[in-house]
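Asks: Okay, here's the structure, questions in a sec.
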Protein chains: 4
Amino acid sequence: MREEILKLSKERLPYMIEVRRSLHKYPETGWLEFRTASMAAKRLQELGYTLTMGEKAVSKKDMMGVPSPEVLKENQERALAEGADPELVKIMEGGLTGFWGDLECGGGPGPKMALRFDMDALEVVENKTDKHKPHREGFASRHHGWMHACGHDSHVAMGLVVAEILALLKDRLKGSIRVIFEPGEEGSRGATPMVAAGCCKDVDIILGLHIGADAAEPGYIACGAQKFLATDKYDVYFKGLAAHSGMRPENGHNAVLAACAATTNMHAIARHSGGATRITVGKIIGGQGRNVIPPEATLVMETRGENTELNEYMAKEARRVIKAAAAMWDCEVEIKVVGSAPSGRSSEDMVAKIMEIADSLPEFKRVDGIINFSGTEDFSRMMTEVQKNGGIGTYMQVGTTLAAGNHNEFFDIDEKDMIEGVRICCLTVAEYLGK
Amino acid sequence: MREEILKLSKERLPYMIEVRRSLHKYPETGWLEFRTASMAAKRLQELGYTLTMGEKAVSKKDMMGVPSPEVLKENQERALAEGADPELVKIMEGGLTGFWGDLECGGGPGPKMALRFDMDALEVVENKTDKHKPHREGFASRHHGWMHACGHDSHVAMGLVVAEILALLKDRLKGSIRVIFEPGEEGSRGATPMVAAGCCKDVDIILGLHIGADAAEPGYIACGAQKFLATDKYDVYFKGLAAHSGMRPENGHNAVLAACAATTNMHAIARHSGGATRITVGKIIGGQGRNVIPPEATLVMETRGENTELNEYMAKEARRVIKAAAAMWDCEVEIKVVGSAPSGRSSEDMVAKIMEIADSLPEFKRVDGIINFSGTEDFSRMMTEVQKNGGIGTYMQVGTTLAAGNHNEFFDIDEKDMIEGVRICCLTVAEYLGK
Amino acid sequence: MREEILKLSKERLPYMIEVRRSLHKYPETGWLEFRTASMAAKRLQELGYTLTMGEKAVSKKDMMGVPSPEVLKENQERALAEGADPELVKIMEGGLTGFWGDLECGGGPGPKMALRFDMDALEVVENKTDKHKPHREGFASRHHGWMHACGHDSHVAMGLVVAEILALLKDRLKGSIRVIFEPGEEGSRGATPMVAAGCCKDVDIILGLHIGADAAEPGYIACGAQKFLATDKYDVYFKGLAAHSGMRPENGHNAVLAACAATTNMHAIARHSGGATRITVGKIIGGQGRNVIPPEATLVMETRGENTELNEYMAKEARRVIKAAAAMWDCEVEIKVVGSAPSGRSSEDMVAKIMEIADSLPEFKRVDGIINFSGTEDFSRMMTEVQKNGGIGTYMQVGTTLAAGNHNEFFDIDEKDMIEGVRICCLTVAEYLGK
Amino acid sequence: MREEILKLSKERLPYMIEVRRSLHKYPETGWLEFRTASMAAKRLQELGYTLTMGEKAVSKKDMMGVPSPEVLKENQERALAEGADPELVKIMEGGLTGFWGDLECGGGPGPKMALRFDMDALEVVENKTDKHKPHREGFASRHHGWMHACGHDSHVAMGLVVAEILALLKDRLKGSIRVIFEPGEEGSRGATPMVAAGCCKDVDIILGLHIGADAAEPGYIACGAQKFLATDKYDVYFKGLAAHSGMRPENGHNAVLAACAATTNMHAIARHSGGATRITVGKIIGGQGRNVIPPEATLVMETRGENTELNEYMAKEARRVIKAAAAMWDCEVEIKVVGSAPSGRSSEDMVAKIMEIADSLPEFKRVDGIINFSGTEDFSRMMTEVQKNGGIGTYMQVGTTLAAGNHNEFFDIDEKDMIEGVRICCLTVAEYLGK
């Protein structure tokens with residue numbers, strides 16, 4: 001079985017490159033992955049997986065940060081124009097782009113093992129110069145302002161080949177396999193409503209992976225992670241009062257000044273001696289016309305903490321600063337939670353087993369166990385859920401050569417490292433479900 | 001002649017209402033007045049005026065705050081779809097929407113007298129409730145986010161009827177008449193390139209008017225103005241560096257923090273003992289994604305001063321604060337001037353004459369001479385130019401009942417007061433050009 | 001009588017210079033004028049005036065901005081060491097340094113006429129280089145951090161000579177004369193409690209004067225003033241919570257950050273279209289040790305407005321910003337009013353009469369009537385009180401050559417212009433009380 | 001020898017309490033420890049140690065954050081009045097309060113071993129209620145605004161008893177002993193000029209200790225530390241221009257607004273993914289009078305980092321923000337370094353040995369090795385110096401019951417835990433120098 005996994009994963013590289021580049025060219029952000037998801041779902045169907053889609057896969061009331069109905073509709077149509085399957089897109093209406101496929105193995109009863117792959121792109125303007133390979137080779141983003149700058153395109157490509165190999169080997173495995181495709185991982189939006197809909201129900205073992213990130217070095221693998229930054233995502237709406245800036249400035253309630261006071265002062269919240277914290281106002285949009293005292297302003301922001309308590313400290317401080325900034329400029333304010341993820345820690349036994357597997361593969365030249373993860377990943381929500389129910393899970397990071405850091409306009413991976421990602425997934429499944 | 005002016009102005013009210021409502025329904029902002037301008041130009045042609053259009057009327061290199069080529073193109077097409085004359089629109093390509101019509105009077109040599117009417121709408125979202133008459137009666141804006149909230153729609157309507165009456169009376173007048181239609185008055189953008197193209201060349205007398213504003217009372221007229229707020233309009237672009245907000249926040253150069261520091265501190269520039277000043281950041285837009293240290297931010301702003309020196313004080317202070325805010329957060333910054341208007345003062349003799357005319361009309365119940373104008377009007381650029389060359393000029397404000405202040409979403413005038421505007425214009429021309 | 005006034009005022013210049021320089025050398029700030037006041041009171045006694053002092057002259061409960069008991073005591077002792085009269089100082093205990101002297105004229109019944117002279121110095125560090133005449137000639141301040149940088153030293157000198165001349169002429173005058181010496185004019189503290197104690201009771205005519213200020217030109221006089229900047233003076237106390245800045249920064253409630261947010265944002269309060277406003281945080285003091293999250297901070301500040309309404313606008317806005325800044329950083333805040341003055345306007349008839357007197361004096365080369373006063377003077381409190389009771393009053397500014405602007409470390413007057421100040425006061429009294 | 005150490009340390013508790021309380025009552029801040037140092041130096045002399053004092057012990061040109069000559073002089077006199085030895089104080093003139101005593105052991109050649117004890121108090125106002133034992137028992141601070149809120153009083157007390165015991169045992173020890181008394185540890189000022197003067201020259205082994213801090217638990221000891229927060233201490237002077245706040249606000253260059261912009265924005269410097277950082281403006285003092293645009297402002301501040309690189313990141317960012325804030329408000333600025341300490345790490349072998357000693361003492365119930373130190377201690381400068389020259393060193397923290405955290409107005413220790421401090425010091429010396 002091991003030899004077949006090694007052979008198949010290598011053979012399927014051209015297919016993975018093709019899938020990855022097609023997704024890179026048509027990146028889709030959270031809840032708008034109509035083309036990506038319908039393509040992946042169709043493939044799972046072909047491979048014999050039973051699909052769970054729509055409201056059965058994504059709990060509508062737990063969805064956060066959903067684009068407006070107009071944007072949803074417009075992107076649904078765009079996806080169709082770009083070749084998405086109309087029937088599948090219909091099921092995803094309203095942004096229900098998350099789904100999973102289940103496969104009963106032929107080898108008799110055994111644990112249920114899930115693998116998670118995320119699908120969404122970022123709001124980043126991709127570089128369009130010849131220094132950037134995706135541009136040079138013609139697969140840079142066609143969706144201006146959106147970019148796969150975090151490698152989720154390759155995650156989908158790997159996920160489909162993992163699903164294919166496991167389907168081929170299913171009679172030599174026991175138990176069952178679930179392949180989860182998560183939308184809106186950026187902004188920590190996808191995991192919560194999928195967990196609420198049951199994607200982790202009865203799951204005994206769960207595996208998530210990321211290419212690059214803390215693993216910006218080929219031949220490296222981190223088999224587990226801890227200290228995921230817990231996070232909250234907010235959209236903050238300040239509402240003031242417009243007035244003519246020349247004739248009656250005193251009548252205005254200046255929402256931009258409120259937003260600026262909030263932004264500056266939130267970044268000044270005291271560092272915490274208990275560990276790492278973060279606060280970022282990633283976007284600010286305010287005002288109407290040049291000569292109108294701005295009657296409204298919006299902040300798109302997030303807090304993070306090395307553990308859940310630290311994130312709560314930041315969130316509490318940030319809320320107080322925001323409310324006071326509104327009061328300072330006689331504005332009203334609404335704070336809307338649009339995303340959230342807890343901290344988490346990989347299961348030690350599972351990490352140990354994967355380290356052994358990685359050590360057995362000569363392509364891994366440096367193998368780490370549980371590392372401190374310096375970012376947020378809402379896979380932590382799924383992993384924590386499985387662990388809470390007595391199961392185990394881990395989050396791996398597979399090394400590659402990065403052209404630039406994650407979320408940068410020059411981000412790019414070395415595509416051949418997708419082989420390693422596929423191998424470590426399949427071998428880990430073989431380890432746990434092998435007869 | 002006086003009686004004919006009184007009679008004709010009253011008879012043409014229904015026509016004025018029709019024109020005003022059509023423009024109100026299809027408002028167009030600065031440099032995009034393709035439908036408005038082509039409609040007005042066509043009418044002047046019909047009335048026998050010789051047109052000066054395109055680059056001959058608007059000096060391209062002096063245009064400030066011009067929308068992007070995409071926006072220009074899109075709006076050109078929109079205007080055509082809304083019935084604009086294709087030939088005229090072609091001449092205005094690239095936003096050259098300003099023009100004037102000249103008429104030689106039949107009564108022999110005499111002064112050249114110009115009248116200025118502005119055409120552009122504002123970036124204001126019009127109210128869409130039944131409290132608002134334009135909505136109730138079906139002529140509220142069809143262009144979401146744009147609104148005639150400063151009465152320029154009625155200015156065009158009055159201008160066309162003034163042009164018509166003067167054409168009818170031309171043989172009883174000496175000298176010549178020029179009717180100027182100015183785009184982009186909001187943002188103080190239209191007058192400078194039209195003056196540069198020659199709209200005030202050889203003009204001896206110039207007249208501008210506004211409905212409402214400081215004249216929010218029916219039966220009132222201010223025959224002149226001084227202390228126009230001199231102004232500069234800037235677009236400010238901060239350029240920083242993106243970074244992942246969770247994983248490498250220290251690598252970013254945060255352009256939103258630079259923009260917030262600039263905004264807050266610019267509003268804190270010291271008040272000036274020499275007179276009124278203003279500073280407003282009307283719009284702020286910054287950042288890319290929630291979890292990206294914002295690499296860029298834009299401020300849409302203006303300074304004002306009761307006289308040109310005071311505005312220069314504000315501009316100098318603002319520039320220093322902006323540059324320092326950029327340096328503070330290790331960002332680069334570009335300050336682009338997108339509009340500018342000087343202060344100004346009406347010619348006293350001319351104001352005195354108009355006061356007499358106004359006193360002779362019973363509909364004017366309260367007549368003022370030169371008042372302190374509490375806003376900006378780039379007509380001051382034209383008036384100052386004519387005065388510099390030895391001519392005279394004034395800026396009048398004609399009273400009306402306002403549903404709400406200028407630039408407010410509920411702004412509306414009492415349409416029948418357009419009659420008074422037409423009368424005072426025509427009678428003033430008759431006074432100066434009458435044989 | 002006129003000739004005697006002209007002659008005496010000139011002869012007394014050496015005496016005035018001596019007094020002025022003595023006071024300049026020992027400047028005393030508000031409520032601490034023990035040496036100044038006892039010296040002036042003693043002189044009035046010698047001249048035959050009946051003194052009203054202590055609580056009868058200053059209403060204790062209306063005193064604002066009084067230094068702490070320690071500071072009062074310390075300065076009382078300092079004044080004694082510097083030669084103040086112990087008996088008089090005793091009466092002034094607790095800072096009751098305001099007083100007045102009354103003189104019945106010999107010419108029979110007539111109006112009661114008051115003249116006000118202020119006595120206090122400023123918290124300014126006087127320049128100690130040879131460019132500065134008071135230093136060069138050895139009469140610069142011996143009280144480090146305090147300086148007569150607004151000319152009140154010369155006001156006292158003029159007041160004593162005015163009192164002397166009027167005493168000499170009293171039999172040729174009718175009615176009665178009151179000479180008021182006001183403490184704590186800076187900070188707008190002295191007038192309110194003196195008015196409350198009765199200094200304006202039954203006064204028919206009141207006169208105040210200032211040297212320099214808007215009259216920085218020898219031979220100039222402004223005989224009246226309007227648009228005094230109404231003002232409120234506040235001391236603001238933020239109270240937070242200390243914590244170790246390295247070990248537990250998150251436990252602190254940072255009062256300095258609250259004070260900074262308040263300061264910056266208060267200066268950003270919107271300018272008012274109704275006229276001139278001001279806001280100044282003149283002093284900020286916060287924190288304890290370098291490595292302690294600052295648990296407290298104090299702002300010493302003021303608002304102003306061209307009229308009382310405008311000042312109230314500023315005060316309302318400032319209070320809201322302060323409270324919100326405290327809330328923003330989880331601090332408590334106390335706002336203490338420590339001074340206040342209304343706007344005001346000189347009585348026109350009185351101004352007209354003084355203009356005639358000034359015109360008759362060749363030394364006045366430029367004579368103005370009621371000018372717009374661009375500062376604050378709490379004499380407006382007394383003048384307004386007298387006018388309210390049916391009396392008249394005015395506030396004059398007498399020109400001099402200023403070495404530097406008021407409140408500057410280089411401030412200095414041309415001492416010989418004190419003669420003009422004395423003349424205009426005495427001649428005005430002669431005009432109103434002359435038989 | 002061990003038994004004698006145990007016995008003597010216990011017997012000397014009353015003496016230590018007496019010394020500690022005397023110092024607690026008369027706390028002295030950095031470079032002003034005239035009374036403390038002369039008392040300790042005199043005692044060392046009595047015990048037979050050879051003193052190195054004055055410029056030989058403290059390199060004048062490396063002293064940072066020295067009080068003004070007036071303050072130095074005043075405190076020298078104060079100390080004399082409080083019983084300090086005039087001869088010794090003379091040697092310390094100018095703040096040279098650091099010194100050390102050397103003792104040659106009788107047991108022949110061997111390593112040179114140094115022990116460091118710090119002496120200075122903090123600028124904290126001690127609590128004066130009955131909840132606070134030092135107040136209740138009459139030894140609270142007599143120097144208002146200064147307090148031994150970090151236990152250095154007990155360090156001196158322990159140091160003198162350690163010196164006494166070692167002197168008694170010297171013939172049973174080899175090599176030599178140096179007891180260093182460091183001034184100005186708070187603010188990281190004392191170690192640098194003492195190292196520059198040679199306090200660590202030829203030292204083979206160095207030991208520092210602290211009571212409480214991270215060891216707020218009786219019976220606990222941390223035998224080593226790492227991740228000392230590297231730090232820089234700055235005094236920042238903004239220089240603007242004064243102007244009358246009412247009459248000419250536009251002429252001012254507002255140094256308080258510059259200081260506020262710097263303060264707020266410095267706290268907003270991005271958190272670093274590489275580890276803990278800190279920034280604190282512990283004090284702000286600015287402005288002159290309420291109605292003067294503030295011409296100057298001072299910040300008393302510090303940066304910290306978990307390692308030297310992180311501190312350098314903070315310092316670089318802070319300097320840029322400060323300079324830009326000055327430029328923003330047209331002020332000049334001077335940044336003066338007044339203290340500095342590197343990070344550091346205890347020598348592992350030495351820690352291991354001390355852990356064994358601690359384990360052998362029943363009073364230590366919980367023994368830790370190298371812990372992460374969450375504060376700054378400029379002992380790191382000395383330790384790093386010794387290690388650089390091939391020696392070893394460690395910094396220990398000895399547990400006690402704390403009434404409140406370090407630097408808090410309620411800070412107090414359990415005095416009997418000084419016994420443990422003495423024991424661990426003496427036993428460690430015996431371990432290394434025992435024959």
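Identifiers for the structure tokens are assigned positionally: chains receive A, B, ... in sequence, residues are indexed from 1 per chain, and ligands are indexed from 1 in the order shown.
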Can you work out which residues from chain C touch chain A at a cut-off of 10 Å (counting only C-alpha atoms) and hand them back as a PyMOL selection string?
Replies: chain C and resi 245-254+257-258+261-262+264-266+268-274+293+313-314+317-330
Asks: Taking 6 positions as the minimum chain separation for residues in the same chain, which residues sit within 7 Å of D:Pro193 when counting only C-alpha atoms? Answer as a PyMOL selection string.
Replies: chain D and resi 58-60+62-63
Asks: Can you list every residue in stretch 206-361 of chain B that DSSP puts in alpha helix (DSSP H), as a PyMOL selection string?
Replies: chain B and resi 255-267+308-328+348-360
Asks: Which residues are close to B:Val398, i.e. within 10 Å by only C-alpha atoms, leaving aside same-chain residues fewer than 3 positions away? Reply as a list in words.
Replies: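 That gives Leu209, His210, Ile211, Gly212, Ala213, Asp214, Ala215, Ala216, Glu217, Pro218, Gly219, Tyr220, Ile221, Ala222, Cys223, Phe364, Val367, Asp417, Met418, Glu420, Gly421 and Ile424 of chain B.
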Asks: Got time to write the residues from that selection, C-alpha atoms, as a short mmCIF file (atom, residue, chain, number, x, y, z; two decimals), in the first residue's frame?
Replies:
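Below you can see part28.cif, which holds the result:
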data_model
loop_
_atom_site.label_atom_id
_atom_site.label_comp_id
_atom_site.auth_asym_id
_atom_site.auth_seq_id
_atom_site.Cartn_x
_atom_site.Cartn_y
_atom_site.Cartn_z
CA LEU B 209 -26.08 83.13 -8.86
CA HIS B 210 -27.08 80.45 -6.41
CA ILE B 211 -30.48 79.46 -5.13
CA GLY B 212 -30.81 78.81 -1.39
CA ALA B 213 -27.50 78.37 0.51
CA ASP B 214 -27.26 81.46 2.71
CA ALA B 215 -30.66 82.51 1.29
CA ALA B 216 -32.95 79.97 2.91
CA GLU B 217 -35.93 82.29 2.99
CA PRO B 218 -38.38 83.11 0.20
CA GLY B 219 -38.44 86.74 -0.91
CA TYR B 220 -34.85 87.30 0.10
CA ILE B 221 -31.92 88.27 -2.12
CA ALA B 222 -28.26 88.95 -1.41
CA CYS B 223 -26.96 91.01 -4.33
CA PHE B 364 -38.23 90.60 -2.95
CA VAL B 367 -32.78 92.85 -0.05
CA ASP B 417 -38.59 80.74 -6.86
CA MET B 418 -36.70 80.00 -10.08
CA GLU B 420 -37.05 85.36 -9.36
CA GLY B 421 -33.67 84.02 -10.38
CA ILE B 424 -32.91 89.32 -11.61
#
Asks: For a test of reading the model, state the distance in Å between atom CA of D:Ile165 and atom CA of D:Val429, rounded to one decimal.
Replies: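 Taking atom CA of D:Ile165 and atom CA of D:Val429, their separation equals 10.9 Å.
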Asks: Skipping near chain neighbours, those fewer than 5 positions away, what residues fall within 12 Å of C:Glu74 using only C-alpha atoms, listed as an mmCIF file with N, CA and C atoms, in the first residue's frame?
Replies:
data_model
loop_
_atom_site.group_PDB
_atom_site.id
_atom_site.type_symbol
_atom_site.label_atom_id
_atom_site.label_comp_id
_atom_site.auth_asym_id
_atom_site.auth_seq_id
_atom_site.Cartn_x
_atom_site.Cartn_y
_atom_site.Cartn_z
ATOM 1 N N LEU C 32 -1.790 84.840 44.993
ATOM 2 C CA LEU C 32 -0.548 84.847 45.775
ATOM 3 C C LEU C 32 0.086 86.237 45.784
ATOM 4 N N PHE C 34 0.575 88.629 47.612
ATOM 5 C CA PHE C 34 0.638 89.186 48.968
ATOM 6 C C PHE C 34 1.520 90.434 49.024
ATOM 7 N N PRO C 67 -4.582 78.086 44.834
ATOM 8 C CA PRO C 67 -3.486 77.155 45.136
ATOM 9 C C PRO C 67 -3.739 76.403 46.441
ATOM 10 N N SER C 68 -2.996 75.344 46.658
ATOM 11 C CA SER C 68 -3.158 74.522 47.850
ATOM 12 C C SER C 68 -2.760 75.314 49.095
ATOM 13 N N PRO C 69 -3.255 74.912 50.273
ATOM 14 C CA PRO C 69 -2.904 75.599 51.520
ATOM 15 C C PRO C 69 -1.391 75.701 51.716
ATOM 16 N N ALA C 79 6.420 86.400 50.829
ATOM 17 C CA ALA C 79 6.095 87.815 50.664
ATOM 18 C C ALA C 79 6.582 88.610 51.884
ATOM 19 N N LEU C 80 6.380 88.042 53.059
ATOM 20 C CA LEU C 80 6.859 88.726 54.268
ATOM 21 C C LEU C 80 8.370 88.904 54.209
ATOM 22 N N ALA C 81 9.051 87.839 53.814
ATOM 23 C CA ALA C 81 10.510 87.913 53.703
ATOM 24 C C ALA C 81 10.925 88.965 52.693
ATOM 25 N N GLU C 93 -4.918 86.382 54.247
ATOM 26 C CA GLU C 93 -4.661 84.962 54.442
ATOM 27 C C GLU C 93 -5.619 84.090 53.626
ATOM 28 N N GLY C 94 -5.078 83.032 53.035
ATOM 29 C CA GLY C 94 -5.898 82.144 52.220
ATOM 30 C C GLY C 94 -6.044 82.639 50.797
ATOM 31 N N GLY C 95 -5.278 83.690 50.455
ATOM 32 C CA GLY C 95 -5.299 84.150 49.063
ATOM 33 C C GLY C 95 -6.286 85.270 48.784
#
Asks: Between atom CA of B:Lys174 and atom CA of B:Pro111, what is the distance, to one decimal in Å?
Replies: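 Result for atom CA of B:Lys174 versus atom CA of B:Pro111: 7.5 Å, one decimal.
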Asks: Give me, as a ChimeraX atom specification, all polymer residues having an atom no more than 10 Å from D:Pro14, counting only C-alpha atoms and skipping those fewer than 6 positions away in the same chain.
Replies: /D:20,415-416
Asks: Can you write just those residues out, C-alpha atoms, as a short mmCIF file (atom, residue, chain, number, x, y, z; two decimals), in the first residue's frame?
Replies:
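Written out: again_18.cif:
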data_model
loop_
_atom_site.label_atom_id
_atom_site.label_comp_id
_atom_site.auth_asym_id
_atom_site.auth_seq_id
_atom_site.Cartn_x
_atom_site.Cartn_y
_atom_site.Cartn_z
CA ARG D 20 15.72 47.06 56.30
CA GLU D 415 10.95 39.87 56.54
CA LYS D 416 11.84 36.45 57.88
#
Asks: Do you know which residues are at most 12 Å from stretch 409-412 of chain C counting only C-alpha atoms, after dropping those on the same chain fewer than 2 positions away, and could you put them as a PyMOL selection string?
Replies: (chain C and resi 20-21+24+122-136+139-141+144-154+211-213+216+400-407+414-415+417) or (chain D and resi 241-244+288+292+295)
